[in-house]
Amino acid sequence: MKIGLIIAIERELAAFLNSGENITEEAVAGRTVYHAMMEGHEICAVQSGCGEIDAAAATMLLIVKYGCGIILNFGVTGALDADLKVEDLFVAEKVWHYDFDVTPFSDFVKVGQYEEYPDEFIPLDADLVKLATQKMPGIRKVAVASGDKFVEDREEKLRLRSSGCGICEMELAAIARICERSGVKCLSIKCISDAFDGTGADFEKNAKKSAEKAFQAMREIIRAL
């Protein structure tokens, strides 16, 4: 099976590059695509960069050019709940693109809602989410708030939390939407790098270790596919 792997930042990419596999590189469309065999599957990995636009472009590249039938995403995330701790591990069940808003000209949608969905959440593949919970009994399902900013402000975190989301990050809405529209299965594993009262400095301190934990969890999923 050919699997696409979307990785946002360099510290997350390092977890993949240090996996011990024989990894080759290819320059395509201004990006580096990394190729490897892992757990019997062909992996095509791209470091997308931060944000929804770059994540969408990287996802389309893996689907259209490389024919990846599954897109996986792993990485670090911020907590929206004071009870969550650094290195807590989650599988994304659905994602809210919270800075997408067409409500000024539509009475039929909520903030973050695309009109073809019944609510403001974009779903991820239910079978893959179930597989993740079966293979890692301690992992928790979560709704994710995704938008183009690093959230540090406490009041903003509370606002996002009020939607039912437990964590926040910057790429998954794009990845999930592109996959859903393309008929490609999608799964995302996230590990907290900055807790509810955390800052950008906490992210810098914890990103490497949290990324490694998220990658090891994702590798268990790849092994089970």
# chains A, B, ... in the order shown; residues from 1 in each chain; ligands from 1
>>> residues_around(residues="A:Cys191", least_positions_apart="2", cutoff="10 Å", atoms="only C-alpha atoms", output="list in words")
Phe74, Gly75, Val76, Thr77, Gly78, Ala79, Lys85, Val86, Glu87, Asp88, Leu89, Phe90, Val91, Ile167, Ile189, Ser193, Asp194, Ala207, Lys209, Ser210, Ala211, Glu212, Lys213, Ala214, Phe215 and Ala217 of chain A
>>> residues_around(residues="A:Lys185", least_positions_apart="4", cutoff="7 Å", atoms="only C-alpha atoms", output="list in words")
Gly69, Ile70, Ile71, Asp125 and Cys179 of chain A
>>> closest_residue(among="A:Glu93, A:Val151, A:Gly4, A:Arg219", to="A:Phe203", atoms="only C-alpha atoms")
A:Val151
>>> residues_around(residues="stretch 56-60 of chain A", least_positions_apart="6", cutoff="7 Å", atoms="only C-alpha atoms", output="list in words")
Ile6, Val46, Ser48, Ala174, Ile175 and Ile178 of chain A
>>> closest_residue(among="A:Pro118, A:Leu5, A:Met170, A:Gly198", to="A:Asp99", atoms="only C-alpha atoms")
A:Met170
>>> select_by_dssp(residues="stretch 20-185 of chain A", states="strand (DSSP E)", output="PDB file with N, CA and C atoms, in the first residue's frame")
ATOM      1  N   THR A  24      15.130   7.856   0.770  1.00  0.00           N
ATOM      2  CA  THR A  24      15.650   8.601  -0.366  1.00  0.00           C
ATOM      3  C   THR A  24      14.857   9.898  -0.526  1.00  0.00           C
ATOM      4  N   GLU A  25      15.440  10.846  -1.266  1.00  0.00           N
ATOM      5  CA  GLU A  25      14.818  12.148  -1.424  1.00  0.00           C
ATOM      6  C   GLU A  25      14.606  12.477  -2.897  1.00  0.00           C
ATOM      7  N   GLU A  26      13.555  13.251  -3.147  1.00  0.00           N
ATOM      8  CA  GLU A  26      13.233  13.692  -4.488  1.00  0.00           C
ATOM      9  C   GLU A  26      12.694  15.116  -4.403  1.00  0.00           C
ATOM     10  N   ALA A  27      13.188  16.008  -5.248  1.00  0.00           N
ATOM     11  CA  ALA A  27      12.708  17.383  -5.281  1.00  0.00           C
ATOM     12  C   ALA A  27      11.560  17.489  -6.273  1.00  0.00           C
ATOM     13  N   VAL A  28      10.405  17.944  -5.798  1.00  0.00           N
ATOM     14  CA  VAL A  28       9.210  18.063  -6.639  1.00  0.00           C
ATOM     15  C   VAL A  28       8.454  19.335  -6.250  1.00  0.00           C
ATOM     16  N   ARG A  31       9.340  21.265  -3.220  1.00  0.00           N
ATOM     17  CA  ARG A  31       9.335  20.524  -1.957  1.00  0.00           C
ATOM     18  C   ARG A  31      10.258  19.328  -2.064  1.00  0.00           C
ATOM     19  N   THR A  32      10.609  18.771  -0.903  1.00  0.00           N
ATOM     20  CA  THR A  32      11.337  17.516  -0.861  1.00  0.00           C
ATOM     21  C   THR A  32      10.368  16.408  -0.477  1.00  0.00           C
ATOM     22  N   VAL A  33      10.289  15.379  -1.314  1.00  0.00           N
ATOM     23  CA  VAL A  33       9.480  14.204  -1.012  1.00  0.00           C
ATOM     24  C   VAL A  33      10.427  13.092  -0.582  1.00  0.00           C
ATOM     25  N   TYR A  34      10.138  12.503   0.565  1.00  0.00           N
ATOM     26  CA  TYR A  34      10.967  11.441   1.129  1.00  0.00           C
ATOM     27  C   TYR A  34      10.287  10.096   0.885  1.00  0.00           C
ATOM     28  N   HIS A  35      11.054   9.138   0.375  1.00  0.00           N
ATOM     29  CA  HIS A  35      10.528   7.813   0.058  1.00  0.00           C
ATOM     30  C   HIS A  35      11.181   6.768   0.948  1.00  0.00           C
ATOM     31  N   ALA A  36      10.385   5.844   1.451  1.00  0.00           N
ATOM     32  CA  ALA A  36      10.911   4.775   2.294  1.00  0.00           C
ATOM     33  C   ALA A  36       9.927   3.605   2.294  1.00  0.00           C
ATOM     34  N   MET A  37      10.430   2.415   2.593  1.00  0.00           N
ATOM     35  CA  MET A  37       9.585   1.274   2.900  1.00  0.00           C
ATOM     36  C   MET A  37       9.528   1.152   4.417  1.00  0.00           C
ATOM     37  N   MET A  38       8.313   1.079   4.967  1.00  0.00           N
ATOM     38  CA  MET A  38       8.138   1.013   6.411  1.00  0.00           C
ATOM     39  C   MET A  38       7.009   0.043   6.739  1.00  0.00           C
ATOM     40  N   HIS A  41       5.015  -1.170   3.803  1.00  0.00           N
ATOM     41  CA  HIS A  41       4.286  -0.201   2.984  1.00  0.00           C
ATOM     42  C   HIS A  41       5.243   0.816   2.372  1.00  0.00           C
ATOM     43  N   GLU A  42       4.881   1.296   1.187  1.00  0.00           N
ATOM     44  CA  GLU A  42       5.638   2.361   0.544  1.00  0.00           C
ATOM     45  C   GLU A  42       5.179   3.701   1.117  1.00  0.00           C
ATOM     46  N   ILE A  43       6.119   4.439   1.697  1.00  0.00           N
ATOM     47  CA  ILE A  43       5.809   5.725   2.320  1.00  0.00           C
ATOM     48  C   ILE A  43       6.344   6.866   1.458  1.00  0.00           C
ATOM     49  N   CYS A  44       5.476   7.843   1.197  1.00  0.00           N
ATOM     50  CA  CYS A  44       5.887   9.091   0.563  1.00  0.00           C
ATOM     51  C   CYS A  44       5.601  10.198   1.576  1.00  0.00           C
ATOM     52  N   ALA A  45       6.636  10.845   2.063  1.00  0.00           N
ATOM     53  CA  ALA A  45       6.485  11.834   3.131  1.00  0.00           C
ATOM     54  C   ALA A  45       6.884  13.222   2.644  1.00  0.00           C
ATOM     55  N   VAL A  46       6.127  14.237   3.100  1.00  0.00           N
ATOM     56  CA  VAL A  46       6.413  15.627   2.754  1.00  0.00           C
ATOM     57  C   VAL A  46       6.348  16.479   4.011  1.00  0.00           C
ATOM     58  N   GLN A  47       7.358  17.332   4.190  1.00  0.00           N
ATOM     59  CA  GLN A  47       7.253  18.369   5.218  1.00  0.00           C
ATOM     60  C   GLN A  47       6.520  19.540   4.578  1.00  0.00           C
ATOM     61  N   ILE A  70      -3.933   6.429   1.267  1.00  0.00           N
ATOM     62  CA  ILE A  70      -4.168   6.841   2.652  1.00  0.00           C
ATOM     63  C   ILE A  70      -3.228   8.002   2.957  1.00  0.00           C
ATOM     64  N   ILE A  71      -3.728   9.014   3.627  1.00  0.00           N
ATOM     65  CA  ILE A  71      -2.892  10.117   4.092  1.00  0.00           C
ATOM     66  C   ILE A  71      -2.861  10.090   5.614  1.00  0.00           C
ATOM     67  N   LEU A  72      -1.668  10.042   6.150  1.00  0.00           N
ATOM     68  CA  LEU A  72      -1.463  10.056   7.593  1.00  0.00           C
ATOM     69  C   LEU A  72      -0.757  11.350   7.979  1.00  0.00           C
ATOM     70  N   ASN A  73      -1.113  11.862   9.145  1.00  0.00           N
ATOM     71  CA  ASN A  73      -0.494  13.068   9.676  1.00  0.00           C
ATOM     72  C   ASN A  73      -0.183  12.834  11.147  1.00  0.00           C
ATOM     73  N   PHE A  74       1.029  13.169  11.546  1.00  0.00           N
ATOM     74  CA  PHE A  74       1.354  13.131  12.974  1.00  0.00           C
ATOM     75  C   PHE A  74       2.054  14.423  13.337  1.00  0.00           C
ATOM     76  N   GLY A  75       1.975  14.783  14.616  1.00  0.00           N
ATOM     77  CA  GLY A  75       2.681  15.984  15.025  1.00  0.00           C
ATOM     78  C   GLY A  75       2.287  16.448  16.408  1.00  0.00           C
ATOM     79  N   VAL A  76       2.762  17.636  16.737  1.00  0.00           N
ATOM     80  CA  VAL A  76       2.524  18.208  18.060  1.00  0.00           C
ATOM     81  C   VAL A  76       1.312  19.119  18.021  1.00  0.00           C
ATOM     82  N   THR A  77       0.785  19.417  19.203  1.00  0.00           N
ATOM     83  CA  THR A  77      -0.450  20.176  19.287  1.00  0.00           C
ATOM     84  C   THR A  77      -0.529  20.928  20.607  1.00  0.00           C
ATOM     85  N   GLY A  78      -1.396  21.919  20.659  1.00  0.00           N
ATOM     86  CA  GLY A  78      -1.627  22.673  21.887  1.00  0.00           C
ATOM     87  C   GLY A  78      -2.895  22.216  22.586  1.00  0.00           C
ATOM     88  N   ALA A  79      -2.908  22.255  23.908  1.00  0.00           N
ATOM     89  CA  ALA A  79      -4.063  21.827  24.701  1.00  0.00           C
ATOM     90  C   ALA A  79      -5.048  22.969  24.889  1.00  0.00           C
ATOM     91  N   LEU A  89      -1.476  11.841  24.337  1.00  0.00           N
ATOM     92  CA  LEU A  89      -1.549  11.378  22.953  1.00  0.00           C
ATOM     93  C   LEU A  89      -3.014  11.259  22.513  1.00  0.00           C
ATOM     94  N   PHE A  90      -3.297  11.699  21.274  1.00  0.00           N
ATOM     95  CA  PHE A  90      -4.668  11.720  20.780  1.00  0.00           C
ATOM     96  C   PHE A  90      -4.752  11.245  19.334  1.00  0.00           C
ATOM     97  N   VAL A  91      -5.914  10.700  18.993  1.00  0.00           N
ATOM     98  CA  VAL A  91      -6.265  10.463  17.598  1.00  0.00           C
ATOM     99  C   VAL A  91      -7.425  11.399  17.256  1.00  0.00           C
ATOM    100  N   ALA A  92      -7.286  12.112  16.151  1.00  0.00           N
ATOM    101  CA  ALA A  92      -8.300  13.088  15.757  1.00  0.00           C
ATOM    102  C   ALA A  92      -9.506  12.384  15.164  1.00  0.00           C
ATOM    103  N   GLU A  93     -10.670  12.661  15.729  1.00  0.00           N
ATOM    104  CA  GLU A  93     -11.919  12.091  15.233  1.00  0.00           C
ATOM    105  C   GLU A  93     -12.598  13.026  14.231  1.00  0.00           C
ATOM    106  N   LYS A  94     -12.439  14.336  14.444  1.00  0.00           N
ATOM    107  CA  LYS A  94     -13.022  15.340  13.561  1.00  0.00           C
ATOM    108  C   LYS A  94     -12.278  16.650  13.794  1.00  0.00           C
ATOM    109  N   VAL A  95     -12.433  17.584  12.845  1.00  0.00           N
ATOM    110  CA  VAL A  95     -11.667  18.824  12.935  1.00  0.00           C
ATOM    111  C   VAL A  95     -12.541  20.006  12.521  1.00  0.00           C
ATOM    112  N   TRP A  96     -12.375  21.107  13.251  1.00  0.00           N
ATOM    113  CA  TRP A  96     -13.110  22.351  13.029  1.00  0.00           C
ATOM    114  C   TRP A  96     -12.165  23.400  12.453  1.00  0.00           C
ATOM    115  N   HIS A  97     -12.450  23.872  11.242  1.00  0.00           N
ATOM    116  CA  HIS A  97     -11.663  24.946  10.625  1.00  0.00           C
ATOM    117  C   HIS A  97     -12.202  26.280  11.143  1.00  0.00           C
ATOM    118  N   PHE A 121     -17.871  20.417  11.753  1.00  0.00           N
ATOM    119  CA  PHE A 121     -16.724  19.514  11.832  1.00  0.00           C
ATOM    120  C   PHE A 121     -16.519  18.714  10.547  1.00  0.00           C
ATOM    121  N   ILE A 122     -15.264  18.638  10.116  1.00  0.00           N
ATOM    122  CA  ILE A 122     -14.854  17.779   9.005  1.00  0.00           C
ATOM    123  C   ILE A 122     -14.459  16.430   9.597  1.00  0.00           C
ATOM    124  N   PRO A 123     -15.057  15.337   9.154  1.00  0.00           N
ATOM    125  CA  PRO A 123     -14.738  14.037   9.755  1.00  0.00           C
ATOM    126  C   PRO A 123     -13.433  13.453   9.219  1.00  0.00           C
ATOM    127  N   ARG A 140      -6.636   8.702  23.185  1.00  0.00           N
ATOM    128  CA  ARG A 140      -7.971   9.294  23.313  1.00  0.00           C
ATOM    129  C   ARG A 140      -8.414   9.934  22.010  1.00  0.00           C
ATOM    130  N   LYS A 141      -9.689   9.753  21.674  1.00  0.00           N
ATOM    131  CA  LYS A 141     -10.266  10.444  20.519  1.00  0.00           C
ATOM    132  C   LYS A 141     -10.516  11.903  20.883  1.00  0.00           C
ATOM    133  N   VAL A 142     -10.379  12.781  19.893  1.00  0.00           N
ATOM    134  CA  VAL A 142     -10.504  14.209  20.186  1.00  0.00           C
ATOM    135  C   VAL A 142     -11.023  14.957  18.967  1.00  0.00           C
ATOM    136  N   ALA A 143     -11.744  16.042  19.215  1.00  0.00           N
ATOM    137  CA  ALA A 143     -12.080  17.015  18.177  1.00  0.00           C
ATOM    138  C   ALA A 143     -10.993  18.081  18.175  1.00  0.00           C
ATOM    139  N   VAL A 144     -10.570  18.486  16.991  1.00  0.00           N
ATOM    140  CA  VAL A 144      -9.425  19.378  16.828  1.00  0.00           C
ATOM    141  C   VAL A 144      -9.877  20.727  16.266  1.00  0.00           C
ATOM    142  N   ALA A 145      -9.392  21.809  16.862  1.00  0.00           N
ATOM    143  CA  ALA A 145      -9.571  23.150  16.301  1.00  0.00           C
ATOM    144  C   ALA A 145      -8.344  23.473  15.455  1.00  0.00           C
ATOM    145  N   SER A 146      -8.572  23.811  14.185  1.00  0.00           N
ATOM    146  CA  SER A 146      -7.464  24.006  13.255  1.00  0.00           C
ATOM    147  C   SER A 146      -7.610  25.350  12.552  1.00  0.00           C
ATOM    148  N   ILE A 167      -7.975  20.083  21.491  1.00  0.00           N
ATOM    149  CA  ILE A 167      -6.627  20.506  21.119  1.00  0.00           C
ATOM    150  C   ILE A 167      -6.713  21.439  19.914  1.00  0.00           C
ATOM    151  N   CYS A 168      -5.613  22.151  19.646  1.00  0.00           N
ATOM    152  CA  CYS A 168      -5.585  23.062  18.498  1.00  0.00           C
ATOM    153  C   CYS A 168      -4.262  22.937  17.766  1.00  0.00           C
ATOM    154  N   GLU A 169      -4.328  23.157  16.453  1.00  0.00           N
ATOM    155  CA  GLU A 169      -3.127  23.112  15.617  1.00  0.00           C
ATOM    156  C   GLU A 169      -3.385  23.861  14.332  1.00  0.00           C
ATOM    157  N   LYS A 185      -8.683   8.060   2.473  1.00  0.00           N
ATOM    158  CA  LYS A 185      -8.763   7.933   3.921  1.00  0.00           C
ATOM    159  C   LYS A 185      -7.690   8.768   4.602  1.00  0.00           C
TER     160      LYS A 185
END
>>> atom_distance(atom1="atom CA of A:Glu171", atom2="atom CA of A:Gly40")
27.3 Å
>>> atom_distance(atom1="atom CA of A:Gly67", atom2="atom CA of A:Ile3")
8.6 Å
>>> atom_distance(atom1="atom CA of A:Ser188", atom2="atom CA of A:Ser162")
21.8 Å
>>> closest_residue(among="A:Glu180, A:Ala82, A:Glu116, A:Gly51", to="A:Lys149", atoms="only C-alpha atoms")
A:Gly51
>>> residues_around(residues="A:Leu160", least_positions_apart="5", cutoff="8 Å", atoms="only C-alpha atoms", output="NGL selection string")
:A and (80 or 98 or 145 or 165)
